[in-house]
Structures are given as C-alpha cells and as structure tokens.
file target.txt (compact mmCIF, C-alpha atoms)
# COMPACT_ATOMS: atom_id res chain seq x y z
CA MET A 1 141.19 159.61 106.81
CA GLU A 2 143.55 157.77 104.49
CA LYS A 3 141.98 155.28 102.13
CA THR A 4 145.10 153.10 101.77
CA ILE A 5 148.15 152.62 103.99
CA ILE A 6 151.17 150.33 104.24
CA ALA A 7 151.58 148.81 107.71
CA GLU A 8 154.51 146.84 109.10
CA GLY A 9 155.06 144.28 111.81
CA LYS A 10 157.13 141.25 112.80
CA THR A 11 154.26 138.96 111.75
CA THR A 12 151.33 139.31 109.37
CA ASN A 13 148.86 139.62 112.25
CA GLU A 14 151.01 142.24 113.97
CA ALA A 15 151.23 144.27 110.76
CA ILE A 16 147.46 144.09 110.35
CA GLU A 17 146.83 145.11 113.95
CA ASN A 18 149.21 148.06 113.56
CA GLY A 19 147.38 149.14 110.42
CA LEU A 20 143.96 148.83 112.07
CA LYS A 21 145.12 151.03 114.94
CA GLN A 22 146.47 153.60 112.50
CA LEU A 23 143.21 153.67 110.53
CA ASN A 24 141.07 153.30 113.66
CA VAL A 25 138.80 150.72 112.00
CA THR A 26 137.92 147.02 112.38
CA ARG A 27 139.13 144.17 110.15
CA ASP A 28 135.77 143.91 108.42
CA SER A 29 136.14 147.54 107.28
CA VAL A 30 139.28 146.99 105.21
CA THR A 31 140.71 144.84 102.45
CA ILE A 32 144.14 143.44 103.19
CA LYS A 33 146.94 142.54 100.79
CA VAL A 34 150.20 141.05 102.05
CA LEU A 35 153.09 142.78 100.26
CA GLU A 36 155.98 141.18 102.08
CA SER A 37 155.32 137.81 103.69
CA GLU A 38 156.94 136.51 106.86
CA ASP A 39 157.75 133.34 104.87
CA LYS A 40 159.83 135.10 102.24
CA ARG A 41 163.25 135.09 103.87
CA SER A 42 166.44 134.67 101.89
CA PHE A 43 169.65 133.17 103.24
CA PHE A 44 171.27 136.61 103.38
CA SER A 45 168.37 138.19 105.30
CA ILE A 46 168.31 135.72 108.19
CA LEU A 47 170.26 138.07 110.46
CA THR A 48 168.21 141.15 109.57
CA PRO A 49 165.06 142.09 111.52
CA ARG A 50 161.92 140.40 110.22
CA VAL A 51 159.49 142.88 108.67
CA VAL A 52 156.10 142.01 107.18
CA LYS A 53 154.33 144.64 105.10
CA VAL A 54 150.61 144.72 104.33
CA GLU A 55 148.56 147.10 102.24
CA MET A 56 145.26 148.02 103.85
CA THR A 57 142.45 149.81 102.03
CA ILE A 58 139.26 151.06 103.67
CA LYS A 59 136.23 149.60 101.94
CA GLU A 60 133.77 151.95 100.31
CA ALA A 61 130.50 152.61 102.07
CA LYS A 62 128.57 149.99 100.07
CA GLU A 63 128.29 147.56 102.97
CA GLU A 64 127.23 150.35 105.34
CA GLU A 65 124.53 151.39 102.87
CA ILE A 66 123.23 147.82 102.72
CA LYS A 67 123.09 147.67 106.54
CA ALA A 68 121.26 150.98 106.60
CA LYS A 69 118.64 149.63 104.23
CA LYS A 70 118.15 146.59 106.43
CA GLU A 71 117.51 148.84 109.41
CA ILE A 72 114.70 150.78 107.72
CA GLU A 73 111.49 150.46 109.70
CA LEU A 74 108.41 149.36 107.79
CA SER A 75 105.18 151.23 108.36
CA GLN A 76 102.03 149.34 109.32
CA GLU A 77 100.77 149.75 105.77
CA GLU A 78 104.02 148.39 104.33
CA GLN A 79 103.96 145.43 106.71
CA GLU A 80 100.41 144.56 105.64
CA LYS A 81 101.27 144.92 101.95
CA ALA A 82 104.42 142.79 102.30
CA LYS A 83 102.50 140.10 104.17
CA GLU A 84 99.79 140.10 101.51
CA ASN A 85 102.42 139.70 98.77
CA VAL A 86 104.04 136.75 100.52
CA GLU A 87 100.67 135.21 101.43
CA ASN A 88 99.51 135.25 97.80
CA PHE A 89 102.69 133.51 96.72
CA MET A 90 102.67 130.91 99.49
CA LYS A 91 99.05 129.93 98.84
CA LYS A 92 100.01 128.94 95.30
CA PHE A 93 103.39 127.52 96.25
CA ILE A 94 102.16 124.97 98.81
CA THR A 95 99.74 123.48 96.26
CA LYS A 96 102.88 122.01 94.66
CA LEU A 97 103.98 120.46 97.96
CA PRO A 98 102.68 117.51 100.03
CA GLU A 99 99.27 118.04 101.66
CA ASP A 100 100.63 118.20 105.22
CA VAL A 101 102.77 121.29 104.53
CA ALA A 102 101.83 124.37 106.57
CA TYR A 103 103.28 127.86 106.79
CA HIS A 104 103.13 130.81 109.14
CA ILE A 105 103.84 134.46 108.32
CA GLU A 106 104.66 137.07 110.94
CA THR A 107 105.45 140.74 110.36
CA THR A 108 107.75 143.04 112.29
CA THR A 109 108.88 146.62 111.70
CA SER A 110 112.19 145.40 110.24
CA HIS A 111 111.35 142.16 108.38
CA ILE A 112 108.88 139.38 107.59
CA ASN A 113 109.23 135.95 109.19
CA VAL A 114 108.09 132.94 107.17
CA GLU A 115 108.15 129.45 108.65
CA ILE A 116 107.33 126.31 106.67
CA THR A 117 106.61 123.13 108.61
CA SER A 118 106.20 119.53 107.52
CA LYS A 119 108.32 116.40 107.26
CA ASN A 120 110.77 115.40 104.56
CA LEU A 121 111.27 118.88 103.13
CA GLY A 122 115.01 118.48 102.86
CA TYR A 123 114.86 119.26 99.14
CA LEU A 124 113.61 122.76 100.02
CA ILE A 125 116.53 123.25 102.37
CA GLY A 126 119.26 121.95 100.08
CA TYR A 127 122.92 121.35 100.84
CA ARG A 128 123.71 123.42 103.93
CA GLY A 129 120.69 125.62 103.29
CA GLU A 130 121.54 126.71 99.75
CA THR A 131 117.99 126.16 98.44
CA LEU A 132 116.46 127.72 101.56
CA TYR A 133 118.53 130.89 101.19
CA ALA A 134 117.77 131.11 97.47
CA MET A 135 114.06 130.87 98.25
CA GLN A 136 114.49 133.46 101.00
CA ASN A 137 115.90 135.90 98.43
CA ILE A 138 112.97 135.22 96.12
CA LEU A 139 110.48 135.83 98.93
CA SER A 140 112.23 139.10 99.78
CA ALA A 141 111.78 140.28 96.20
CA ILE A 142 108.12 139.20 96.22
CA ALA A 143 107.45 140.85 99.60
CA GLY A 144 108.82 144.18 98.38
CA LYS A 145 106.60 144.38 95.30
CA GLY A 146 104.83 147.73 95.29
CA ILE A 147 106.72 148.93 98.37
CA GLU A 148 109.31 151.70 98.22
CA ASN A 149 111.41 150.38 101.12
CA ARG A 150 113.39 147.17 100.85
CA VAL A 151 111.63 144.30 102.62
CA ARG A 152 113.74 141.55 104.19
CA VAL A 153 112.23 138.10 104.56
CA ILE A 154 113.66 135.59 107.04
CA LEU A 155 112.68 132.06 106.02
CA ASP A 156 112.99 128.90 108.08
CA ILE A 157 112.00 125.36 107.13
CA GLU A 158 111.51 122.54 109.63
CA GLY A 159 113.52 124.49 112.22
CA TYR A 160 116.64 124.15 110.06
CA LYS A 161 118.27 127.37 111.25
CA ALA A 162 118.13 126.43 114.94
CA LYS A 163 119.70 123.05 114.14
CA ARG A 164 122.32 124.70 111.95
CA GLU A 165 123.11 127.21 114.70
CA LYS A 166 123.84 124.37 117.15
CA THR A 167 126.04 122.63 114.55
CA LEU A 168 128.01 125.82 113.89
CA GLU A 169 128.47 126.57 117.58
CA ASP A 170 129.88 123.08 118.09
CA LEU A 171 132.13 123.58 115.05
CA ALA A 172 133.37 126.93 116.39
CA GLU A 173 134.40 125.37 119.70
CA LYS A 174 136.09 122.44 117.99
CA VAL A 175 138.04 124.69 115.61
CA ALA A 176 139.07 127.00 118.48
CA ARG A 177 140.49 124.06 120.42
CA THR A 178 142.42 122.92 117.34
CA VAL A 179 143.86 126.40 116.72
CA ILE A 180 144.97 126.70 120.34
CA ARG A 181 146.56 123.23 120.24
CA THR A 182 148.35 123.60 116.88
CA ARG A 183 148.89 127.39 117.06
CA LYS A 184 147.96 127.55 113.38
CA PRO A 185 145.02 129.52 111.88
CA ILE A 186 142.16 127.62 110.28
CA LYS A 187 140.17 128.93 107.32
CA LEU A 188 136.55 127.76 107.32
CA GLU A 189 134.47 127.07 104.23
CA PRO A 190 132.38 129.92 102.73
CA MET A 191 129.23 130.65 104.73
CA GLN A 192 126.13 132.80 104.65
CA ALA A 193 126.28 136.04 106.68
CA PHE A 194 123.81 134.50 109.17
CA GLU A 195 126.18 131.57 109.71
CA ARG A 196 129.34 133.68 109.98
CA LYS A 197 127.65 135.77 112.66
CA ILE A 198 127.08 132.62 114.73
CA ILE A 199 130.78 131.71 114.56
CA HIS A 200 131.89 135.25 115.44
CA SER A 201 129.43 135.46 118.35
CA LYS A 202 130.37 132.06 119.75
CA LEU A 203 134.09 132.86 119.86
CA GLN A 204 134.03 136.56 120.74
CA THR A 205 134.47 135.82 124.45
CA ASN A 206 137.41 133.47 123.88
CA THR A 207 140.45 135.39 125.12
CA LYS A 208 142.88 133.29 123.07
CA ILE A 209 141.08 133.33 119.71
CA GLU A 210 140.13 135.94 117.13
CA THR A 211 137.91 135.57 114.06
CA THR A 212 138.18 137.48 110.81
CA SER A 213 135.92 137.46 107.75
CA VAL A 214 137.73 137.55 104.41
CA GLY A 215 136.74 137.44 100.75
CA GLU A 216 133.69 138.63 98.85
CA GLU A 217 130.18 137.19 98.76
CA PRO A 218 129.20 134.46 98.09
CA HIS A 219 132.68 133.12 98.91
CA ARG A 220 133.21 135.09 102.11
CA ARG A 221 134.61 132.93 104.91
CA ILE A 222 136.02 133.09 108.43
CA ILE A 223 139.62 132.63 109.55
CA VAL A 224 140.06 131.52 113.17
CA SER A 225 143.49 132.34 114.59
CA LEU A 226 145.38 132.99 117.85
CA LYS A 227 145.30 136.50 119.26
CA ASN A 228 148.57 138.40 119.38
CA LYS A 229 149.75 139.10 122.88
call {"tool": "encode", "arguments": {"input": "target.txt", "output": "structure tokens"}}
result
Amino acid sequence: MEKTIIAEGKTTNEAIENGLKQLNVTRDSVTIKVLESEDKRSFFSILTPRVVKVEMTIKEAKEEEIKAKKEIELSQEEQEKAKENVENFMKKFITKLPEDVAYHIETTTSHINVEITSKNLGYLIGYRGETLYAMQNILSAIAGKGIENRVRVILDIEGYKAKREKTLEDLAEKVARTVIRTRKPIKLEPMQAFERKIIHSKLQTNTKIETTSVGEEPHRRIIVSLKNK
C-alpha cells in the first residue's frame, strides 16, 4: 500500500474522499495537506475546470500500537497490585483534602476506575477537566509501578465526566444545526480523546454531517462539516 498519494477533486472534501477510497483507509488514519486550494483561482483560470489537490500520507502504526496497549488484559495479580498502588497513594492524598472527601477504587481486566466524591472540588477538576486529566495520568503511572503491562486509570471527580458528556452532546447538536444552516464547516476547540469520542458518537447517525479529527495531541480537535452527496 502506498504511503503517500496525491488526490484530486472539485472541492477539498471531494479530493479527500477520493484519496481515502484509493488508500482504503479512514480520515483518522492519514495526515492531509492541501496542495492546491479551491480558493486559489486566478482571473485567467475562471473558465477552466476547478481542481483541488491534496497530499495524503498514511500515519505510522504508533497510534495502533497505543490502542493495542490499552487493550491488554490485566491478570488478577496485576489488578490487585495496581489497586494496591493506587490505594496507597490515595490514602496519603486525601489527608491533604477536606475531611468529607471519599474515594472508591474498582478494578477491571482493562483498567482501574477511581472516583472521588465530595463538594467544592472544582480545583481538582480544573478548567474543562485539565487538572483532572493531569491527575489521571499521574494515577496511571502510579498504578503501573512494578507491573509489566501498562495500566490505564480512569478518574472521575464529583461526576464531572457525566456532566461534561451531556454538555458536549448538546454542543454537538447545536454545532450540527449551525453547519447545516450556514453550509460552512466549524472547527471546535482542542479536546481530550474522551471528549472527541463523545462528539463523534453523537453525530455519527446524522446523515447530513461528518466529523473529522485533525491535528496532534494535545491540540487535536474536531471539524464538523456537511457530507458530500
């Protein structure tokens, strides 16, 4: 399979779709560079057929390797060790928090769930969950101490993720209506993978809309646009 191709179309989206068909991959599997924009039209080229060219390169298998690691099943022994690691940390951590703070740890074969409950813990959540996700990464590192397999921790505080999911679903619907009305794509702000998945899932059944993730972490974001017919 070719690693890089040049695809053409009457519009940018059409060129991309033609390239995806040629490569037989999804948008998330390639990087896209517009070589010849539909906006770049000189006076003398008005009467000539419009052609947009895009360069499409298949991404290396790094993302697939990361997904594979996430799908590794933890043995019972690894689950117990990971839980013990997190438990030891949390016991010390909550001594720095208000007395009414409680936590619950649950193990599964694929990850560890940690839930912190109390009131007024917004400072642990941060702006749009930034502090929460940073702490989640720290807990993942702590959970995996002494374990060969990578251990993923999913942290939630005061039910933030459920509330955020509802907010993002409402946003997805609002943006979709705007795109359909204006017929112009909308680029959303950078989001966590968990949040992008909510947007994609909410709009995947919309027959008029398509969603595409672009950019690199931590600045990866979604573009909502009309489907080509």
call {"tool": "closest_atom_pairs", "arguments": {"input": "target.txt", "of": "segment 117-144 of chain A", "to": "segment 72-94 of chain A", "cutoff": "8 Å", "atoms": "all atoms listed in the file", "output": "CSV"}}
result
residue,atom,partner,partner_atom,distance
A:Leu139,CA,A:Val86,CA,6.7
A:Ile142,CA,A:Asn85,CA,6.3
A:Ala143,CA,A:Ala82,CA,4.5
A:Gly144,CA,A:Ala82,CA,6.1
call {"tool": "closest_residue", "arguments": {"input": "target.txt", "among": "A:Thr57, A:Ile6, A:Ile112, A:Gln22", "to": "Leu35 of chain A", "atoms": "only C-alpha atoms"}}
result
A:Ile6
call {"tool": "closest_atom_pairs", "arguments": {"input": "target.txt", "of": "segment 93-192 of chain A", "to": "segment 204-212 of chain A", "cutoff": "10 Å", "atoms": "all atoms listed in the file", "output": "Markdown table"}}
result
| residue | atom | partner | partner_atom | distance |
| --- | --- | --- | --- | --- |
| A:Glu173 | CA | A:Asn206 | CA | 9.6 |
| A:Ala176 | CA | A:Ile209 | CA | 6.8 |
| A:Arg177 | CA | A:Ile209 | CA | 9.3 |
| A:Val179 | CA | A:Ile209 | CA | 8.0 |
| A:Ile180 | CA | A:Lys208 | CA | 7.4 |
| A:Pro185 | CA | A:Ile209 | CA | 9.6 |
| A:Ile186 | CA | A:Thr211 | CA | 9.8 |
| A:Lys187 | CA | A:Thr212 | CA | 9.4 |
call {"tool": "atom_distance", "arguments": {"input": "target.txt", "atom1": "atom CA of Ile222 of chain A", "atom2": "atom CA of Val34 of chain A"}}
result
17.5 Å
call {"tool": "residues_near_point", "arguments": {"input": "target.txt", "point": "(111.2, 143.5, 102.4)", "cutoff": "6 Å", "atoms": "all atoms listed in the file", "output": "number ranges by chain"}}
result
A: 140, 143-144, 150-153
call {"tool": "closest_residue", "arguments": {"input": "target.txt", "among": "A:Val25, A:Leu155, A:Val224, A:Leu121", "to": "Met135 of chain A", "atoms": "all atoms listed in the file"}}
result
A:Leu155
call {"tool": "closest_residue", "arguments": {"input": "target.txt", "among": "A:Gln192, A:Thr182, A:Thr131, A:Thr4", "to": "Met56 of chain A", "atoms": "all atoms listed in the file"}}
result
A:Thr4
call {"tool": "closest_residue", "arguments": {"input": "target.txt", "among": "A:Glu115, A:Glu195, A:Glu130, A:Glu99", "to": "Gly159 of chain A", "atoms": "only C-alpha atoms"}}
result
A:Glu115
call {"tool": "residues_near_point", "arguments": {"input": "target.txt", "point": "(102.2, 119.5, 107.9)", "cutoff": "6 Å", "atoms": "only C-alpha atoms", "output": "PyMOL selection string"}}
result
chain A and resi 100-102+117-118
call {"tool": "atom_distance", "arguments": {"input": "target.txt", "atom1": "atom CA of Thr31 of chain A", "atom2": "atom CA of Asn13 of chain A"}}
result
13.8 Å
call {"tool": "residues_around", "arguments": {"input": "target.txt", "residues": "Val114 of chain A", "least_positions_apart": "6", "cutoff": "9 Å", "atoms": "all atoms listed in the file", "output": "list in words"}}
result
Val86, Tyr103, His104, Ile105, Glu106, Thr107, Gln136, Val153, Ile154, Leu155, Asp156 and Ile157 of chain A
call {"tool": "atom_distance", "arguments": {"input": "target.txt", "atom1": "atom CA of Glu55 of chain A", "atom2": "atom CA of Ile199 of chain A"}}
result
26.5 Å
call {"tool": "closest_residue", "arguments": {"input": "target.txt", "among": "A:Leu97, A:Glu148, A:Ala141, A:Arg196", "to": "Leu124 of chain A", "atoms": "all atoms listed in the file"}}
result
A:Leu97
call {"tool": "closest_residue", "arguments": {"input": "target.txt", "among": "A:Lys197, A:Lys21, A:Lys119, A:Lys202", "to": "Leu171 of chain A", "atoms": "only C-alpha atoms"}}
result
A:Lys202
call {"tool": "residues_around", "arguments": {"input": "target.txt", "residues": "Lys53 of chain A", "least_positions_apart": "3", "cutoff": "10 Å", "atoms": "all atoms listed in the file", "output": "JSON, numbers by chain"}}
result
{"A": [6, 7, 8, 9, 10, 11, 12, 14, 15, 16, 19, 33, 34, 35, 36, 37, 38, 56]}
call {"tool": "build_atoms", "arguments": {"input": "target.txt", "residues": "segment 125-138 of chain A", "atoms": "N, CA and C atoms", "output": "PDB file, in the frame of the given file"}}
result
ATOM      1  N   ILE A 125     115.419 122.694 101.597  1.00  0.00           N
ATOM      2  CA  ILE A 125     116.530 123.250 102.370  1.00  0.00           C
ATOM      3  C   ILE A 125     117.815 123.217 101.553  1.00  0.00           C
ATOM      4  N   GLY A 126     118.070 122.082 100.911  1.00  0.00           N
ATOM      5  CA  GLY A 126     119.260 121.950 100.080  1.00  0.00           C
ATOM      6  C   GLY A 126     120.521 121.729 100.885  1.00  0.00           C
ATOM      7  N   TYR A 127     121.629 121.588 100.177  1.00  0.00           N
ATOM      8  CA  TYR A 127     122.920 121.350 100.840  1.00  0.00           C
ATOM      9  C   TYR A 127     123.306 122.553 101.658  1.00  0.00           C
ATOM     10  N   ARG A 128     123.361 122.352 102.990  1.00  0.00           N
ATOM     11  CA  ARG A 128     123.710 123.420 103.930  1.00  0.00           C
ATOM     12  C   ARG A 128     122.882 124.686 103.709  1.00  0.00           C
ATOM     13  N   GLY A 129     121.625 124.497 103.368  1.00  0.00           N
ATOM     14  CA  GLY A 129     120.690 125.620 103.290  1.00  0.00           C
ATOM     15  C   GLY A 129     120.717 126.412 102.014  1.00  0.00           C
ATOM     16  N   GLU A 130     121.416 125.924 100.984  1.00  0.00           N
ATOM     17  CA  GLU A 130     121.540 126.710  99.750  1.00  0.00           C
ATOM     18  C   GLU A 130     120.180 126.997  99.114  1.00  0.00           C
ATOM     19  N   THR A 131     119.308 125.966  99.045  1.00  0.00           N
ATOM     20  CA  THR A 131     117.990 126.160  98.440  1.00  0.00           C
ATOM     21  C   THR A 131     117.136 127.071  99.311  1.00  0.00           C
ATOM     22  N   LEU A 132     117.213 126.879 100.622  1.00  0.00           N
ATOM     23  CA  LEU A 132     116.460 127.720 101.560  1.00  0.00           C
ATOM     24  C   LEU A 132     116.825 129.185 101.376  1.00  0.00           C
ATOM     25  N   TYR A 133     118.113 129.500 101.313  1.00  0.00           N
ATOM     26  CA  TYR A 133     118.530 130.890 101.190  1.00  0.00           C
ATOM     27  C   TYR A 133     118.164 131.476  99.824  1.00  0.00           C
ATOM     28  N   ALA A 134     118.189 130.636  98.791  1.00  0.00           N
ATOM     29  CA  ALA A 134     117.770 131.110  97.470  1.00  0.00           C
ATOM     30  C   ALA A 134     116.287 131.463  97.496  1.00  0.00           C
ATOM     31  N   MET A 135     115.500 130.608  98.131  1.00  0.00           N
ATOM     32  CA  MET A 135     114.060 130.870  98.250  1.00  0.00           C
ATOM     33  C   MET A 135     113.801 132.097  99.120  1.00  0.00           C
ATOM     34  N   GLN A 136     114.615 132.285 100.141  1.00  0.00           N
ATOM     35  CA  GLN A 136     114.490 133.460 101.000  1.00  0.00           C
ATOM     36  C   GLN A 136     114.688 134.738 100.196  1.00  0.00           C
ATOM     37  N   ASN A 137     115.655 134.728  99.288  1.00  0.00           N
ATOM     38  CA  ASN A 137     115.900 135.900  98.430  1.00  0.00           C
ATOM     39  C   ASN A 137     114.711 136.161  97.516  1.00  0.00           C
ATOM     40  N   ILE A 138     114.136 135.077  96.997  1.00  0.00           N
ATOM     41  CA  ILE A 138     112.970 135.220  96.120  1.00  0.00           C
ATOM     42  C   ILE A 138     111.792 135.823  96.887  1.00  0.00           C
TER      43      ILE A 138
END
